[in-house]
$ cat query_24.txt   # compact mmCIF, C-alpha atoms
# COMPACT_ATOMS: atom_id res chain seq x y z
CA MET A 913 -58.66 67.71 -32.99
CA LYS A 914 -59.16 63.98 -32.47
CA LYS A 915 -55.64 63.34 -33.80
CA GLN A 916 -54.19 65.81 -31.30
CA VAL A 917 -56.00 64.05 -28.42
CA LYS A 918 -54.66 60.67 -29.56
CA VAL A 919 -51.11 62.02 -29.79
CA LEU A 920 -51.35 63.56 -26.33
CA ALA A 921 -52.74 60.32 -24.90
CA LEU A 922 -49.91 58.27 -26.41
CA ALA A 923 -47.34 60.75 -25.09
CA GLY A 924 -48.86 60.48 -21.62
CA ILE A 925 -48.70 56.68 -21.69
CA MET A 926 -45.03 56.77 -22.73
CA VAL A 927 -44.15 59.23 -19.94
CA LEU A 928 -45.90 57.06 -17.35
CA GLY A 929 -44.11 53.97 -18.67
CA LEU A 930 -40.70 55.61 -18.46
CA ALA A 931 -41.44 56.87 -14.96
CA GLY A 932 -42.37 53.33 -13.90
CA ILE A 933 -39.10 51.96 -15.26
CA ASP A 934 -37.08 54.65 -13.46
CA SER A 935 -38.98 53.95 -10.25
CA ALA A 936 -38.28 50.21 -10.47
CA GLN A 937 -34.60 50.83 -11.14
CA ALA A 938 -34.42 53.26 -8.21
CA GLN A 939 -35.92 50.62 -5.92
CA LYS A 940 -33.26 48.12 -6.98
CA LYS A 941 -30.40 50.49 -6.13
CA PRO A 942 -28.99 49.84 -2.64
CA LYS A 943 -29.40 52.55 -0.06
CA LYS A 944 -26.40 54.57 1.03
CA GLY A 945 -24.41 52.87 3.75
CA THR A 946 -25.57 49.38 2.75
CA THR A 947 -23.85 46.77 0.67
CA SER A 948 -25.30 44.13 -1.53
CA PRO A 949 -25.10 40.55 -0.25
CA ALA A 950 -21.75 38.95 -1.05
CA THR A 951 -21.69 35.86 -3.19
CA PRO A 952 -20.33 32.67 -1.57
CA ALA A 953 -17.17 32.96 -3.67
CA ALA A 954 -16.61 36.56 -2.58
CA ALA A 955 -17.25 35.69 1.07
CA ALA A 956 -14.73 32.85 0.88
CA ALA A 957 -12.15 35.15 -0.68
CA ALA A 958 -12.71 37.78 2.03
CA ALA A 959 -12.37 35.30 4.92
CA PRO A 960 -8.91 35.40 6.55
CA LYS A 961 -6.81 32.34 5.87
CA LYS A 962 -5.45 30.41 8.82
CA GLU A 963 -1.71 30.41 9.02
CA GLY A 964 -0.52 26.86 8.51
CA ILE A 965 2.72 25.04 9.28
CA LYS A 966 5.54 26.68 7.35
CA PRO A 967 8.90 25.40 6.13
CA TYR A 968 11.53 25.54 8.87
CA SER A 969 13.62 28.15 7.03
CA GLU A 970 10.67 30.54 6.84
CA VAL A 971 10.19 30.50 10.62
CA ILE A 972 13.76 30.10 11.85
CA THR A 973 15.39 32.46 9.41
CA SER A 974 19.02 33.41 8.93
CA LYS A 975 18.45 36.18 11.50
CA ALA A 976 17.84 33.63 14.26
CA LYS A 977 20.08 33.56 17.32
CA THR A 978 20.08 29.89 18.29
CA THR A 979 21.21 28.18 21.49
CA ASN A 980 21.39 24.41 22.00
CA GLY A 981 20.23 22.74 25.19
CA LEU A 982 17.21 20.90 26.60
CA PHE A 983 15.26 22.59 23.79
CA LYS A 984 16.87 24.58 21.05
CA THR A 985 15.85 28.18 21.62
CA HIS A 986 15.70 30.68 18.79
CA LYS A 987 15.31 34.44 18.87
CA VAL A 988 14.16 35.97 15.60
CA ASP A 989 13.78 39.75 15.90
CA ASP A 990 11.40 40.13 18.88
CA LYS A 991 10.05 36.57 18.73
CA TRP A 992 11.18 33.61 20.85
CA TYR A 993 10.80 30.01 19.67
CA PHE A 994 11.24 26.61 21.31
CA GLU A 995 12.30 23.69 19.14
CA ILE A 996 10.99 20.72 21.11
CA PRO A 997 12.32 17.26 20.19
CA ASP A 998 9.84 14.40 20.04
CA SER A 999 11.79 12.63 22.80
CA ILE A 1000 10.79 15.36 25.29
CA ILE A 1001 7.06 15.29 24.51
CA ASN A 1002 5.10 13.96 27.54
CA ARG A 1003 8.18 14.06 29.79
CA GLU A 1004 7.68 15.56 33.24
CA MET A 1005 9.40 18.84 34.04
CA LEU A 1006 9.65 20.63 37.35
CA VAL A 1007 8.87 24.33 36.86
CA VAL A 1008 9.69 26.84 39.59
CA THR A 1009 9.00 30.57 39.35
CA ARG A 1010 10.81 32.95 41.70
CA LEU A 1011 11.07 36.66 42.22
CA ALA A 1012 14.25 37.79 40.49
CA LYS A 1013 13.84 41.44 41.50
CA ALA A 1014 11.13 43.23 43.44
CA PRO A 1015 10.41 46.88 44.28
CA VAL A 1016 11.20 48.11 47.76
CA GLY A 1017 8.47 47.97 50.38
CA ILE A 1018 6.59 44.86 49.23
CA LYS A 1019 4.18 43.96 52.02
CA VAL A 1020 3.38 40.35 51.08
CA GLY A 1021 5.07 37.88 53.41
CA ASN A 1022 7.56 35.46 51.79
CA GLN A 1023 7.17 37.33 48.48
CA GLN A 1024 9.31 40.37 49.14
CA TYR A 1025 12.87 39.69 48.01
CA GLY A 1026 14.71 38.43 44.96
CA GLY A 1027 15.10 34.65 45.08
CA GLU A 1028 11.89 33.88 46.95
CA GLU A 1029 9.75 31.14 45.41
CA LEU A 1030 6.30 32.05 44.10
CA ASN A 1031 5.06 28.91 42.38
CA GLU A 1032 6.04 25.30 41.73
CA GLN A 1033 4.41 22.96 39.22
CA VAL A 1034 5.09 19.93 37.06
CA TRP A 1035 4.57 20.48 33.33
CA LYS A 1036 4.14 18.06 30.47
CA TRP A 1037 4.38 19.20 26.86
CA GLU A 1038 1.67 17.29 24.99
CA ARG A 1039 1.20 17.22 21.23
CA ARG A 1040 -2.19 16.72 19.60
CA GLY A 1041 -2.35 17.21 15.84
CA LYS A 1042 -1.09 20.68 14.96
CA GLN A 1043 -1.26 21.93 18.55
CA VAL A 1044 1.02 21.63 21.57
CA TYR A 1045 -0.36 21.91 25.10
CA ILE A 1046 1.20 22.39 28.51
CA ARG A 1047 -0.50 20.02 30.94
CA VAL A 1048 -0.19 20.43 34.70
CA PRO A 1049 -0.64 17.04 36.38
CA SER A 1050 -1.67 16.76 40.01
CA TYR A 1051 -0.19 14.27 42.43
CA ALA A 1052 -2.67 14.86 45.24
CA THR A 1053 -4.02 11.34 44.75
CA LYS A 1054 -2.06 8.40 43.39
CA ALA A 1055 -2.49 4.69 42.88
CA ASP A 1056 -0.20 1.87 41.84
CA SER A 1057 -0.47 1.24 38.09
CA THR A 1058 -1.12 -2.45 38.81
CA SER A 1059 -3.95 -1.64 41.23
CA ASP A 1060 -7.64 -2.10 40.38
CA MET A 1061 -8.15 1.49 41.50
CA TYR A 1062 -5.57 2.95 39.11
CA GLU A 1063 -7.95 3.77 36.24
CA SER A 1064 -10.54 5.29 38.58
CA VAL A 1065 -7.90 7.50 40.19
CA GLN A 1066 -6.61 8.61 36.77
CA ASN A 1067 -10.14 9.45 35.60
CA SER A 1068 -10.65 11.61 38.68
CA ASN A 1069 -7.32 13.38 38.39
CA LEU A 1070 -7.36 15.12 35.00
CA ALA A 1071 -4.24 17.19 34.25
CA GLN A 1072 -5.21 20.81 33.60
CA ILE A 1073 -4.22 22.65 30.40
CA LEU A 1074 -2.14 25.72 31.20
CA ALA A 1075 -1.47 26.90 27.64
CA SER A 1076 -1.70 25.93 23.98
CA PHE A 1077 0.55 26.67 21.01
CA GLU A 1078 0.25 26.26 17.26
CA ILE A 1079 3.03 24.29 15.61
CA LYS A 1080 4.84 26.80 13.41
CA ALA A 1081 7.23 24.38 11.69
CA TYR A 1082 8.86 20.96 11.87
CA ASN A 1083 12.58 20.86 12.44
CA LYS A 1084 14.92 19.96 9.61
CA ASP A 1085 14.88 16.19 10.18
CA THR A 1086 11.22 16.16 11.38
CA THR A 1087 12.18 14.83 14.82
CA GLY A 1088 10.74 17.84 16.58
CA ILE A 1089 8.45 20.82 16.31
CA VAL A 1090 8.84 24.60 16.56
CA ILE A 1091 6.46 26.76 18.60
CA ASP A 1092 6.32 30.49 19.33
CA VAL A 1093 6.46 31.07 23.11
CA THR A 1094 6.63 34.88 23.01
CA ASP A 1095 3.03 35.60 23.99
CA PHE A 1096 3.09 32.88 26.64
CA TYR A 1097 6.11 34.16 28.57
CA ASN A 1098 5.21 37.81 27.95
CA GLY A 1099 1.56 37.28 28.88
CA ASP A 1100 -0.42 37.38 32.09
CA ILE A 1101 -0.02 33.79 33.27
CA MET A 1102 -0.29 33.61 37.06
CA ALA A 1103 1.77 30.41 37.20
CA ILE A 1104 4.81 32.34 35.93
CA GLY A 1105 3.97 35.81 37.22
CA ALA A 1106 2.53 37.73 40.15
CA THR A 1107 0.67 35.59 42.66
CA ASP A 1108 -2.90 36.11 43.76
CA GLN A 1109 -1.65 37.52 47.09
CA ILE A 1110 0.42 40.20 45.35
CA ARG A 1111 -2.46 41.11 43.04
CA LYS A 1112 -4.85 41.53 45.97
CA ALA A 1113 -2.35 43.45 48.10
CA TYR A 1114 -1.83 46.10 45.41
CA LYS A 1115 -5.32 46.00 43.90
CA VAL A 1116 -4.08 44.97 40.48
CA ILE A 1117 -6.49 46.03 37.75
CA THR A 1118 -4.92 44.47 34.68
CA TYR A 1119 -1.67 43.33 33.11
CA ASP A 1120 0.20 45.90 31.02
CA ALA A 1121 1.97 44.14 28.14
CA THR A 1122 3.34 47.45 26.83
CA ARG A 1123 5.49 47.74 29.96
CA SER A 1124 6.49 44.07 30.07
CA TYR A 1125 9.06 42.03 28.17
CA ILE A 1126 11.11 38.84 27.99
CA ASP A 1127 14.61 39.64 29.17
CA THR A 1128 16.47 36.40 28.44
CA ILE A 1129 15.83 32.74 27.67
CA LYS A 1130 18.83 30.52 28.36
CA THR A 1131 18.92 26.80 27.67
CA PHE A 1132 21.16 24.19 29.29
CA PRO A 1133 21.42 20.38 28.96
CA ILE A 1134 18.57 19.59 31.38
CA ASN A 1135 16.99 22.96 32.14
CA ILE A 1136 15.80 26.25 30.66
CA GLU A 1137 15.87 29.59 32.51
CA VAL A 1138 13.51 32.39 31.48
CA LYS A 1139 13.73 35.92 32.89
CA THR A 1140 10.84 38.30 32.38
CA ALA A 1141 9.77 41.77 33.52
CA LYS A 1142 6.05 42.14 34.12
CA THR A 1143 4.10 45.30 34.90
CA TYR A 1144 0.60 45.37 36.36
CA ARG A 1145 -1.69 48.38 36.44
CA ALA A 1146 -2.69 48.75 40.06
CA ALA A 1147 -4.58 51.07 42.37
CA GLU A 1148 -1.72 50.93 44.87
CA SER A 1149 2.05 50.77 44.57
CA PRO A 1150 4.73 49.78 47.10
CA THR A 1151 6.68 52.94 46.23
CA ASP A 1152 4.52 55.63 44.62
CA ASN A 1153 0.79 55.40 43.89
CA SER A 1154 1.12 58.00 41.14
CA ASN A 1155 2.85 55.32 39.04
CA GLY A 1156 -0.46 53.53 38.79
CA ALA A 1157 1.45 50.27 38.41
CA VAL A 1158 3.81 47.78 40.00
CA THR A 1159 6.68 46.01 38.19
CA PHE A 1160 8.46 42.76 39.06
CA GLU A 1161 11.13 40.65 37.45
CA PHE A 1162 10.63 36.88 37.51
CA ASN A 1163 12.78 33.85 36.83
CA THR A 1164 11.11 30.64 35.67
CA SER A 1165 13.21 27.47 35.76
CA MET A 1166 12.13 24.39 33.82
CA LEU A 1167 14.02 21.24 34.82
CA LEU A 1168 13.69 17.87 33.08
CA LEU A 1169 12.84 15.15 35.59
CA PRO A 1170 14.15 11.57 35.36
CA LYS A 1171 12.28 9.27 33.00
CA ILE A 1172 11.90 6.76 35.83
CA PRO A 1173 10.52 8.65 38.85
CA VAL A 1174 12.63 8.68 41.98
CA LYS A 1175 11.11 6.60 44.75
CA ALA A 1176 9.17 8.76 47.18
CA ARG A 1177 10.39 9.11 50.76
CA ILE A 1178 7.82 7.47 53.00
CA MET A 1179 9.41 8.44 56.31
CA ASP A 1180 12.81 9.06 57.85
$ encode --input "query_24.txt" --output "structure tokens"
Amino acid sequence: MKKQVKVLALAGIMVLGLAGIDSAQAQKKPKKGTTSPATPAAAAAAAPKKEGIKPYSEVITSKAKTTNGLFKTHKVDDKWYFEIPDSIINREMLVVTRLAKAPVGIKVGNQQYGGEELNEQVWKWERRGKQVYIRVPSYATKADSTSDMYESVQNSNLAQILASFEIKAYNKDTTGIVIDVTDFYNGDIMAIGATDQIRKAYKVITYDATRSYIDTIKTFPINIEVKTAKTYRAAESPTDNSNGAVTFEFNTSMLLLPKIPVKARIMD
């Protein structure tokens, strides 16, 4: 009898021990819908890699349609690229955006017909490291570069940054850089699109990239002409409110200005 009790006691202890092990293992198992913490190596592998500067031939492929001019322009499938020579960096360019085509019935004065000017700026293409920026200098206040006030005026007249671009490649002889301008010209940039007056007049809600596109980019010896079609979702329309949108075509001209500025006209 005593032997049977001992055997039963030992069996009970073994069962309890096994149950404890199973319970501990169950606690270690992650719950459904959760994941175990990633190791640093796994986290690094999962992180997306930044796209660096590629060889020229990988960006401007054999499919490219290239035109020579102020900048070389390249069209590769649905992408547009500028190849900007180093000699043009920091040069001033006059940029004028006009209505190329407009819908009938536009009710904004001086912004109704094809050919009317919407915006005028001076741009400078500035390179910093692996980025290129468009700066928009202001000439509201000026001072002679030999004047004691010159530095103070410059410090109070910071050129604004309109856009930034990653350098995609260096050109073949490394005297210039290649940038992708597709999203810039096909994006909602007021400087090259609908003005604030137009947006307010038609209660524009947002820009519709799916109904917008770059029509042409043409380059010439001292200028580049870009034609775009841009559609804006709007509460009102000049033709039919059921469209829920208004579409314009724009032309943006970029003209290289002289390296030595022309003397300003003081008076006639």
$ atom_distance --input "query_24.txt" --atom1 "atom CA of A:Ala1014" --atom2 "atom CA of A:Gly1026"
6.2 Å
$ residues_around --input "query_24.txt" --residues "A:Met1102" --least-positions-apart "6" --cutoff "12 Å" --atoms "all atoms listed in the file" --output "short mmCIF file (atom, residue, chain, number, x, y, z; two decimals) with C-alpha atoms, in the coordinates of the input"
data_model
loop_
_atom_site.label_atom_id
_atom_site.label_comp_id
_atom_site.auth_asym_id
_atom_site.auth_seq_id
_atom_site.Cartn_x
_atom_site.Cartn_y
_atom_site.Cartn_z
CA THR A 1009 9.00 30.57 39.35
CA LEU A 1030 6.30 32.05 44.10
CA ASN A 1031 5.06 28.91 42.38
CA GLU A 1032 6.04 25.30 41.73
CA GLN A 1033 4.41 22.96 39.22
CA LEU A 1074 -2.14 25.72 31.20
CA ALA A 1075 -1.47 26.90 27.64
CA PHE A 1096 3.09 32.88 26.64
CA ASP A 1108 -2.90 36.11 43.76
CA GLN A 1109 -1.65 37.52 47.09
CA ILE A 1110 0.42 40.20 45.35
CA ARG A 1111 -2.46 41.11 43.04
CA TYR A 1119 -1.67 43.33 33.11
CA LYS A 1142 6.05 42.14 34.12
CA TYR A 1144 0.60 45.37 36.36
CA PHE A 1162 10.63 36.88 37.51
CA THR A 1164 11.11 30.64 35.67
#
$ axis_aligned_box --input "query_24.txt" --around "stretch 1135-1152 of chain A" --padding-each-side "8 Å" --output "lines of an AutoDock Vina configuration file"
center_x = 6.2
center_y = 39.3
center_z = 38.9
size_x = 37.6
size_y = 48.7
size_z = 32.4
$ closest_residue --input "query_24.txt" --among "A:Glu1004, A:Gly964, A:Val1174, A:Lys1139" --to "A:Ile1104" --atoms "all atoms listed in the file"
A:Lys1139
$ closest_residue --input "query_24.txt" --among "A:Asn980, A:Asn1002, A:Thr973, A:Asn1098" --to "A:Asp1127" --atoms "all atoms listed in the file"
A:Asn1098
$ residues_around --input "query_24.txt" --residues "A:Asp989" --least-positions-apart "6" --cutoff "9 Å" --atoms "all atoms listed in the file" --output "PDB file with C-alpha atoms, keeping the file's coordinate frame"
ATOM      1  CA  LYS A 975      18.450  36.180  11.500  1.00  0.00           C
ATOM      2  CA  ALA A 976      17.840  33.630  14.260  1.00  0.00           C
ATOM      3  CA  LYS A 977      20.080  33.560  17.320  1.00  0.00           C
TER       4      LYS A 977
END
$ closest_atom_pairs --input "query_24.txt" --of "stretch 1065-1146 of chain A" --to "stretch 1150-1157 of chain A" --cutoff "9 Å" --atoms "all atoms listed in the file" --output "Markdown table"
| residue | atom | partner | partner_atom | distance |
| --- | --- | --- | --- | --- |
| A:Tyr1114 | CA | A:Pro1150 | CA | 7.7 |
| A:Val1116 | CA | A:Ala1157 | CA | 7.9 |
| A:Asp1120 | CA | A:Ala1157 | CA | 8.7 |
| A:Thr1143 | CA | A:Ala1157 | CA | 6.6 |
| A:Tyr1144 | CA | A:Ala1157 | CA | 5.4 |
| A:Arg1145 | CA | A:Ala1157 | CA | 4.2 |
| A:Ala1146 | CA | A:Ala1157 | CA | 4.7 |
$ write_last_selection --input "query_24.txt" --atoms "C-alpha atoms" --output "short mmCIF file (atom, residue, chain, number, x, y, z; two decimals), in the frame of the given file"
data_model
loop_
_atom_site.label_atom_id
_atom_site.label_comp_id
_atom_site.auth_asym_id
_atom_site.auth_seq_id
_atom_site.Cartn_x
_atom_site.Cartn_y
_atom_site.Cartn_z
CA TYR A 1114 -1.83 46.10 45.41
CA VAL A 1116 -4.08 44.97 40.48
CA ASP A 1120 0.20 45.90 31.02
CA THR A 1143 4.10 45.30 34.90
CA TYR A 1144 0.60 45.37 36.36
CA ARG A 1145 -1.69 48.38 36.44
CA ALA A 1146 -2.69 48.75 40.06
#
$ residues_near_point --input "query_24.txt" --point "(12.0, 16.0, 35.1)" --cutoff "10 Å" --atoms "only C-alpha atoms" --output "NGL selection string"
:A and (1000 or 1003-1007 or 1034-1036 or 1134-1135 or 1166-1173)
$ atom_distance --input "query_24.txt" --atom1 "atom CA of A:Thr978" --atom2 "atom CA of A:Val1090"
12.5 Å
$ closest_residue --input "query_24.txt" --among "A:Gln1066, A:Phe983, A:Glu995, A:Val1093" --to "A:Ser1050" --atoms "all atoms listed in the file"
A:Gln1066
$ closest_residue --input "query_24.txt" --among "A:Leu1070, A:Ala1012, A:Ile1101, A:Ile1129" --to "A:Glu1029" --atoms "all atoms listed in the file"
A:Ala1012
$ closest_residue --input "query_24.txt" --among "A:Gly981, A:Gly1041, A:Gly1017, A:Pro967" --to "A:Glu1137" --atoms "only C-alpha atoms"
A:Gly981
$ closest_residue --input "query_24.txt" --among "A:Arg1177, A:Lys1112, A:Lys1019, A:Lys1084" --to "A:Lys966" --atoms "all atoms listed in the file"
A:Lys1084
$ atom_distance --input "query_24.txt" --atom1 "atom CA of A:Gly1088" --atom2 "atom CA of A:Asn1163"
25.9 Å
$ residues_around --input "query_24.txt" --residues "A:Ser974" --least-positions-apart "4" --cutoff "10 Å" --atoms "all atoms listed in the file" --output "VMD selection string"
chain A and resid 969 to 970 988
$ residues_around --input "query_24.txt" --residues "A:Tyr1045" --least-positions-apart "2" --cutoff "7 Å" --atoms "only C-alpha atoms" --output "ChimeraX atom specification"
/A:1037-1039,1043,1047,1073,1075-1077
$ residues_around --input "query_24.txt" --residues "A:Asp1095" --least-positions-apart "4" --cutoff "12 Å" --atoms "all atoms listed in the file" --output "short mmCIF file (atom, residue, chain, number, x, y, z; two decimals) with C-alpha atoms, in the frame of the given file"
data_model
loop_
_atom_site.label_atom_id
_atom_site.label_comp_id
_atom_site.auth_asym_id
_atom_site.auth_seq_id
_atom_site.Cartn_x
_atom_site.Cartn_y
_atom_site.Cartn_z
CA ASP A 990 11.40 40.13 18.88
CA LYS A 991 10.05 36.57 18.73
CA TRP A 992 11.18 33.61 20.85
CA TYR A 993 10.80 30.01 19.67
CA ALA A 1075 -1.47 26.90 27.64
CA SER A 1076 -1.70 25.93 23.98
CA PHE A 1077 0.55 26.67 21.01
CA GLU A 1078 0.25 26.26 17.26
CA ILE A 1091 6.46 26.76 18.60
CA GLY A 1099 1.56 37.28 28.88
CA ASP A 1100 -0.42 37.38 32.09
CA ILE A 1101 -0.02 33.79 33.27
CA ALA A 1121 1.97 44.14 28.14
CA SER A 1124 6.49 44.07 30.07
CA TYR A 1125 9.06 42.03 28.17
CA ILE A 1126 11.11 38.84 27.99
CA THR A 1140 10.84 38.30 32.38
#
